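J.: Have a look at this one before I ask anything.
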Amino acid sequence: MGDGRPRLSTPVVWTDLHRLHEPGGEVWVGVRTPGTEVPERADRIRSALADAPIVEARPQREEAVLAVHDAALLDYLASAWDDWEAAGLTRDPGQDRVVPYIFPHPALFSPGVSPALPAAASARGGRFAFDTMTLIGPGTWEAARAAVDTAVTAADLVLAGEPAAYACCRPPGHHATRSGFGGSCYLNNAAAAAARLRAGVGGKVAVIDIDAHHGNGTQAIFYEDPSVLVGSVHVDPGAGWFPHFLGFAEETGGGTNSNVPLAPGSGDEAWLEAVRSLAGWARAGGAEALVVALGVDAASGDPESPLEVTAAGFRAAGRELGALGLPTVLVQEGGYDLGTIGALVREVLLGVEEGAGETGGAI
Ligand SMILES: [Zn+2]
């Protein structure tokens, strides 16, 4: 570069299709708010990584998505917007995004009775969404599907011999479960990358989620799969943070799941100790490849979390993860401070390269 900045060698997988997803805000406590999961996030990251090799996401067959999601969820997401519009809901009551309003809460049902798929487009979303914040617009499905392509392309690069690859995914994915979506996530990109790696390496794969929020979707998808270890460090849901209902330390999945909840206000020291312990846990569990669910919303100053991690902390986390010496796919999750998101992702990627170099490993 000639400007003294270290040059990134990790390939960055990218698609312009992410811009098709304009959430149009979110409905939180019944109020339409501007939301923070905006197209500019990915564009800011890409410009901070301008010196890295860019690889266009390759379209993947549906099997890549079906490896981690039910067909019913895909069928719903693929047609949700068209059905909403065809039902006239954009005119009456004048709602320009798909917003669920009724949910099949377990308390509705007698034993042995399961929820029907609602005939009304206005009600169908509640069958699959677990919150009201994750709105569907005209290009949401195409962008979400392209985000899976992005993550799986990164996995393929690693399986072809790249020591590490970064998937600049948007919308994010780690809150999406096998049959449900929410938390600004529609399809679980990191899980799809893990499934591809699992098929490619034959041995165990670890997912380490360093986003500020619990990766509940990835946990749920692999909870009973001993071949995919899932660890997550996040702000304690018991202290009042999304996803509220789960993400606690006692959710261990018989030993293949590890949650490290942190108190609000936790900074580099506690957060890095958690990253270090999850890395050691993945190593001890016999992981042969790694997916990093890379949210940078644990940053001090991020509007969506109360954690206080610094840029140096993100660099050090990258070093810890790179030092595992495993083939590594990094998949973008959260991160909502547009002023710092790109620089923080860059710190993690540089850290991974440094850590891998120190092990004398494949990089
Ligand atoms: Zn997050």
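We name chains A, B, ... following the order of the structure tokens; residues begin at 1 in each chain, and ligands are numbered from 1 as shown.
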Please identify all protein, DNA and RNA residues within 7 Å of ligand 1, counting only C-alpha atoms and all ligand atoms, and report them as a PyMOL selection string.
T.: chain A and resi 211-213+295+297+333-335
J.: Contacts of Arg276 in chain A at 8 Å or less, counting only C-alpha atoms, minus same-chain residues fewer than 5 places along, as a CSV table (one decimal) with C-alpha atoms, in the first residue's frame?
T.:
chain,number,residue,atom,x,y,z
A,317,ALA,CA,-9.0,-11.8,20.1
A,320,GLU,CA,-6.1,-16.0,20.1
A,321,LEU,CA,-8.3,-17.5,17.4
J.: Going by DSSP on the backbone, which bits of range 77-177 of chain A are helix (DSSP H, G or I)? Write them as a VMD selection string, please.
T.: chain A and resid 77 to 86 106 to 108 121 to 127 140 to 159
J.: With N, CA, C and O atoms retained, write the just-selected residues as a short mmCIF file (atom, residue, chain, number, x, y, z; two decimals), in the first residue's frame.
T.:
data_model
loop_
_atom_site.label_atom_id
_atom_site.label_comp_id
_atom_site.auth_asym_id
_atom_site.auth_seq_id
_atom_site.Cartn_x
_atom_site.Cartn_y
_atom_site.Cartn_z
N LEU A 77 -39.89 -17.62 3.61
CA LEU A 77 -39.08 -16.42 3.37
C LEU A 77 -39.06 -16.05 1.88
O LEU A 77 -39.08 -14.87 1.52
N ALA A 78 -39.02 -17.08 1.02
CA ALA A 78 -38.92 -16.82 -0.42
C ALA A 78 -40.17 -16.12 -0.95
O ALA A 78 -40.11 -15.39 -1.94
N SER A 79 -41.32 -16.35 -0.32
CA SER A 79 -42.57 -15.80 -0.87
C SER A 79 -43.21 -14.75 0.04
O SER A 79 -44.24 -14.18 -0.32
N ALA A 80 -42.61 -14.48 1.19
CA ALA A 80 -43.28 -13.64 2.20
C ALA A 80 -43.63 -12.25 1.66
O ALA A 80 -44.75 -11.76 1.86
N TRP A 81 -42.68 -11.63 0.98
CA TRP A 81 -42.94 -10.27 0.52
C TRP A 81 -44.02 -10.25 -0.57
O TRP A 81 -44.95 -9.44 -0.52
N ASP A 82 -43.88 -11.15 -1.55
CA ASP A 82 -44.87 -11.19 -2.64
C ASP A 82 -46.27 -11.46 -2.09
O ASP A 82 -47.26 -10.86 -2.54
N ASP A 83 -46.35 -12.37 -1.12
CA ASP A 83 -47.67 -12.71 -0.55
C ASP A 83 -48.25 -11.52 0.22
O ASP A 83 -49.46 -11.28 0.19
N TRP A 84 -47.39 -10.80 0.91
CA TRP A 84 -47.82 -9.61 1.69
C TRP A 84 -48.40 -8.56 0.75
O TRP A 84 -49.48 -8.01 0.98
N GLU A 85 -47.65 -8.34 -0.34
CA GLU A 85 -48.08 -7.33 -1.30
C GLU A 85 -49.37 -7.76 -2.01
O GLU A 85 -50.31 -6.96 -2.16
N ALA A 86 -49.41 -9.05 -2.40
CA ALA A 86 -50.59 -9.56 -3.10
C ALA A 86 -51.84 -9.49 -2.21
O ALA A 86 -52.96 -9.32 -2.71
N PRO A 106 -46.44 -21.48 22.88
CA PRO A 106 -46.77 -22.82 23.37
C PRO A 106 -48.02 -22.84 24.26
O PRO A 106 -48.76 -23.82 24.29
N ALA A 107 -48.29 -21.73 24.96
CA ALA A 107 -49.43 -21.69 25.88
C ALA A 107 -50.77 -21.73 25.15
O ALA A 107 -51.81 -21.94 25.77
N LEU A 108 -50.75 -21.55 23.80
CA LEU A 108 -52.00 -21.61 23.03
C LEU A 108 -52.49 -23.03 22.86
O LEU A 108 -53.67 -23.25 22.59
N ALA A 121 -51.86 -13.97 4.89
CA ALA A 121 -50.49 -13.46 4.78
C ALA A 121 -50.14 -12.60 5.99
O ALA A 121 -48.98 -12.56 6.43
N SER A 122 -51.13 -11.94 6.56
CA SER A 122 -50.87 -11.08 7.72
C SER A 122 -50.46 -11.89 8.95
O SER A 122 -49.78 -11.37 9.83
N ALA A 123 -50.86 -13.14 9.00
CA ALA A 123 -50.60 -13.98 10.18
C ALA A 123 -49.46 -14.97 9.97
O ALA A 123 -48.91 -15.48 10.93
N ARG A 124 -49.12 -15.25 8.71
CA ARG A 124 -48.20 -16.35 8.44
C ARG A 124 -46.82 -16.12 9.04
O ARG A 124 -46.15 -17.05 9.47
N GLY A 125 -46.38 -14.88 9.05
CA GLY A 125 -45.03 -14.58 9.54
C GLY A 125 -44.80 -15.03 10.97
O GLY A 125 -43.69 -15.44 11.32
N GLY A 126 -45.86 -14.97 11.79
CA GLY A 126 -45.72 -15.35 13.19
C GLY A 126 -45.37 -16.81 13.38
O GLY A 126 -44.85 -17.21 14.42
N ARG A 127 -45.65 -17.63 12.35
CA ARG A 127 -45.31 -19.06 12.41
C ARG A 127 -43.79 -19.25 12.40
O ARG A 127 -43.29 -20.27 12.87
N THR A 140 -35.41 -8.75 0.61
CA THR A 140 -34.84 -9.42 1.79
C THR A 140 -34.42 -10.85 1.49
O THR A 140 -33.32 -11.28 1.86
N TRP A 141 -35.28 -11.60 0.83
CA TRP A 141 -34.95 -13.01 0.56
C TRP A 141 -33.69 -13.12 -0.30
O TRP A 141 -32.78 -13.89 0.01
N GLU A 142 -33.62 -12.33 -1.37
CA GLU A 142 -32.46 -12.42 -2.27
C GLU A 142 -31.18 -12.09 -1.52
O GLU A 142 -30.14 -12.73 -1.71
N ALA A 143 -31.23 -11.07 -0.67
CA ALA A 143 -30.02 -10.69 0.08
C ALA A 143 -29.65 -11.75 1.11
O ALA A 143 -28.47 -12.08 1.28
N ALA A 144 -30.66 -12.29 1.80
CA ALA A 144 -30.36 -13.31 2.82
C ALA A 144 -29.77 -14.55 2.18
O ALA A 144 -28.83 -15.16 2.70
N ARG A 145 -30.31 -14.92 1.04
CA ARG A 145 -29.80 -16.09 0.33
C ARG A 145 -28.38 -15.84 -0.16
O ARG A 145 -27.52 -16.73 -0.10
N ALA A 146 -28.11 -14.61 -0.61
CA ALA A 146 -26.75 -14.27 -1.08
C ALA A 146 -25.76 -14.23 0.09
O ALA A 146 -24.57 -14.49 -0.09
N ALA A 147 -26.25 -13.91 1.28
CA ALA A 147 -25.37 -13.92 2.44
C ALA A 147 -24.91 -15.35 2.75
O ALA A 147 -23.76 -15.58 3.12
N VAL A 148 -25.83 -16.32 2.60
CA VAL A 148 -25.42 -17.72 2.76
C VAL A 148 -24.39 -18.08 1.69
O VAL A 148 -23.37 -18.73 1.98
N ASP A 149 -24.63 -17.64 0.45
CA ASP A 149 -23.65 -17.91 -0.61
C ASP A 149 -22.29 -17.35 -0.22
O ASP A 149 -21.25 -17.97 -0.49
N THR A 150 -22.28 -16.19 0.38
CA THR A 150 -21.03 -15.53 0.77
C THR A 150 -20.29 -16.38 1.81
O THR A 150 -19.08 -16.64 1.68
N ALA A 151 -21.00 -16.83 2.83
CA ALA A 151 -20.36 -17.62 3.89
C ALA A 151 -19.87 -18.97 3.37
O ALA A 151 -18.77 -19.42 3.72
N VAL A 152 -20.68 -19.61 2.52
CA VAL A 152 -20.30 -20.93 2.03
C VAL A 152 -19.15 -20.81 1.02
O VAL A 152 -18.27 -21.68 0.97
N THR A 153 -19.13 -19.74 0.26
CA THR A 153 -17.99 -19.51 -0.63
C THR A 153 -16.71 -19.38 0.19
O THR A 153 -15.65 -19.91 -0.18
N ALA A 154 -16.78 -18.68 1.30
CA ALA A 154 -15.60 -18.55 2.17
C ALA A 154 -15.17 -19.92 2.70
O ALA A 154 -13.97 -20.23 2.77
N ALA A 155 -16.14 -20.76 3.06
CA ALA A 155 -15.80 -22.12 3.51
C ALA A 155 -15.12 -22.90 2.40
O ALA A 155 -14.14 -23.62 2.64
N ASP A 156 -15.61 -22.74 1.18
CA ASP A 156 -14.99 -23.45 0.05
C ASP A 156 -13.56 -22.98 -0.18
O ASP A 156 -12.68 -23.77 -0.53
N LEU A 157 -13.30 -21.68 0.01
CA LEU A 157 -11.93 -21.17 -0.15
C LEU A 157 -11.00 -21.84 0.84
O LEU A 157 -9.87 -22.22 0.52
N VAL A 158 -11.48 -21.99 2.08
CA VAL A 158 -10.66 -22.61 3.12
C VAL A 158 -10.45 -24.10 2.83
O VAL A 158 -9.36 -24.64 2.97
N LEU A 159 -11.51 -24.75 2.37
CA LEU A 159 -11.37 -26.17 2.02
C LEU A 159 -10.42 -26.37 0.85
O LEU A 159 -9.80 -27.42 0.72
#
J.: Neighbouring residues of range 27-44 of chain A were defined as those with any atom within 6 Å, considering only C-alpha atoms; residues of the same chain fewer than 3 positions away were excluded. Please report them as a CSV table (one decimal) with C-alpha atoms, in the first residue's frame.
T.:
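As a result, around_24.csv now contains:
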chain,number,residue,atom,x,y,z
A,19,ARG,CA,-28.0,-3.9,-0.6
A,47,SER,CA,-13.9,0.1,2.3
A,132,THR,CA,-41.4,-8.1,15.6
A,133,MET,CA,-38.0,-6.5,14.8
A,336,TYR,CA,-23.6,-1.1,14.4
A,342,GLY,CA,-14.7,-1.4,9.3
J.: Taking into account only C-alpha atoms, which residue in the set A:Gly240, A:Gly285, A:Gly280, A:Gly265 is nearest to Gly301 in chain A?
T.: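 Once distances to Gly301 in chain A are computed over only C-alpha atoms, the minimum belongs to A:Gly265.
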J.: Which is closest to Leu8 in chain A among A:Ala284, A:Ile54, A:Ala120, A:Val331, if we use only C-alpha atoms?
T.: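 Checking each of A:Ala284, A:Ile54, A:Ala120, A:Val331 against Leu8 in chain A, counting only C-alpha atoms, the winner is A:Ile54.
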J.: Write down as a PDB file with N, CA and C atoms, in the first residue's frame the residues belonging to range 298-350 of chain A that are assigned strand (DSSP E or B) by DSSP computed on the backbone.
T.:
ATOM      1  N   ALA A 299     -17.957  -3.760  20.939  1.00  0.00           N
ATOM      2  CA  ALA A 299     -17.090  -2.577  21.014  1.00  0.00           C
ATOM      3  C   ALA A 299     -17.659  -1.505  21.938  1.00  0.00           C
ATOM      4  N   GLU A 308     -17.530  -3.272  26.510  1.00  0.00           N
ATOM      5  CA  GLU A 308     -16.599  -2.138  26.346  1.00  0.00           C
ATOM      6  C   GLU A 308     -15.265  -2.602  25.782  1.00  0.00           C
ATOM      7  N   VAL A 309     -15.316  -3.387  24.726  1.00  0.00           N
ATOM      8  CA  VAL A 309     -14.090  -3.925  24.136  1.00  0.00           C
ATOM      9  C   VAL A 309     -13.449  -2.869  23.238  1.00  0.00           C
ATOM     10  N   THR A 328      -9.846 -21.474   8.997  1.00  0.00           N
ATOM     11  CA  THR A 328     -10.776 -20.577   9.696  1.00  0.00           C
ATOM     12  C   THR A 328     -11.621 -19.756   8.732  1.00  0.00           C
ATOM     13  N   VAL A 329     -12.938 -19.806   8.940  1.00  0.00           N
ATOM     14  CA  VAL A 329     -13.873 -18.955   8.196  1.00  0.00           C
ATOM     15  C   VAL A 329     -14.444 -17.939   9.171  1.00  0.00           C
ATOM     16  N   LEU A 330     -14.294 -16.674   8.853  1.00  0.00           N
ATOM     17  CA  LEU A 330     -14.871 -15.612   9.690  1.00  0.00           C
ATOM     18  C   LEU A 330     -16.110 -15.081   8.985  1.00  0.00           C
ATOM     19  N   VAL A 331     -17.226 -15.052   9.709  1.00  0.00           N
ATOM     20  CA  VAL A 331     -18.510 -14.678   9.119  1.00  0.00           C
ATOM     21  C   VAL A 331     -19.040 -13.448   9.853  1.00  0.00           C
ATOM     22  N   GLN A 332     -19.340 -12.396   9.098  1.00  0.00           N
ATOM     23  CA  GLN A 332     -19.798 -11.162   9.741  1.00  0.00           C
ATOM     24  C   GLN A 332     -21.167 -11.335  10.381  1.00  0.00           C
TER      25      GLN A 332
END
J.: Tell me, as an mmCIF file with C-alpha atoms, in the first residue's frame, which residues lie within 10 Å of range 244-250 of chain A, counting only C-alpha atoms; anything in the same chain fewer than 5 positions away does not count.
T.:
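New file around-v5.cif:
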data_model
loop_
_atom_site.group_PDB
_atom_site.id
_atom_site.type_symbol
_atom_site.label_atom_id
_atom_site.label_comp_id
_atom_site.auth_asym_id
_atom_site.auth_seq_id
_atom_site.Cartn_x
_atom_site.Cartn_y
_atom_site.Cartn_z
ATOM 1 C CA HIS A 213 -25.265 -11.145 21.737
ATOM 2 C CA HIS A 214 -25.803 -14.840 22.290
ATOM 3 C CA GLY A 215 -25.717 -16.851 19.065
ATOM 4 C CA ASN A 216 -28.973 -18.603 19.912
ATOM 5 C CA GLN A 219 -26.668 -23.027 19.365
ATOM 6 C CA SER A 232 -20.462 -17.992 22.477
ATOM 7 C CA VAL A 233 -19.283 -15.052 24.579
ATOM 8 C CA HIS A 234 -21.938 -12.376 25.007
ATOM 9 C CA VAL A 235 -23.586 -9.938 27.327
ATOM 10 C CA ASP A 236 -25.533 -11.793 30.009
ATOM 11 C CA PRO A 237 -29.168 -12.237 28.929
ATOM 12 C CA GLY A 238 -29.968 -12.451 32.632
ATOM 13 C CA ALA A 239 -28.911 -8.807 32.921
ATOM 14 C CA ASN A 257 -22.153 -26.117 23.655
ATOM 15 C CA SER A 258 -20.468 -23.476 25.796
ATOM 16 C CA ASN A 259 -21.891 -20.094 26.768
ATOM 17 C CA VAL A 260 -19.885 -17.416 28.548
ATOM 18 C CA PRO A 261 -22.242 -14.601 29.595
#
J.: To one decimal place, how far is CA of Leu344 in chain A from CA of Val55 in chain A in Å?
T.: 20.5 Å
J.: By how many Å are CA of Ala50 in chain A and CA of Gly322 in chain A apart?
T.: 21.3 Å
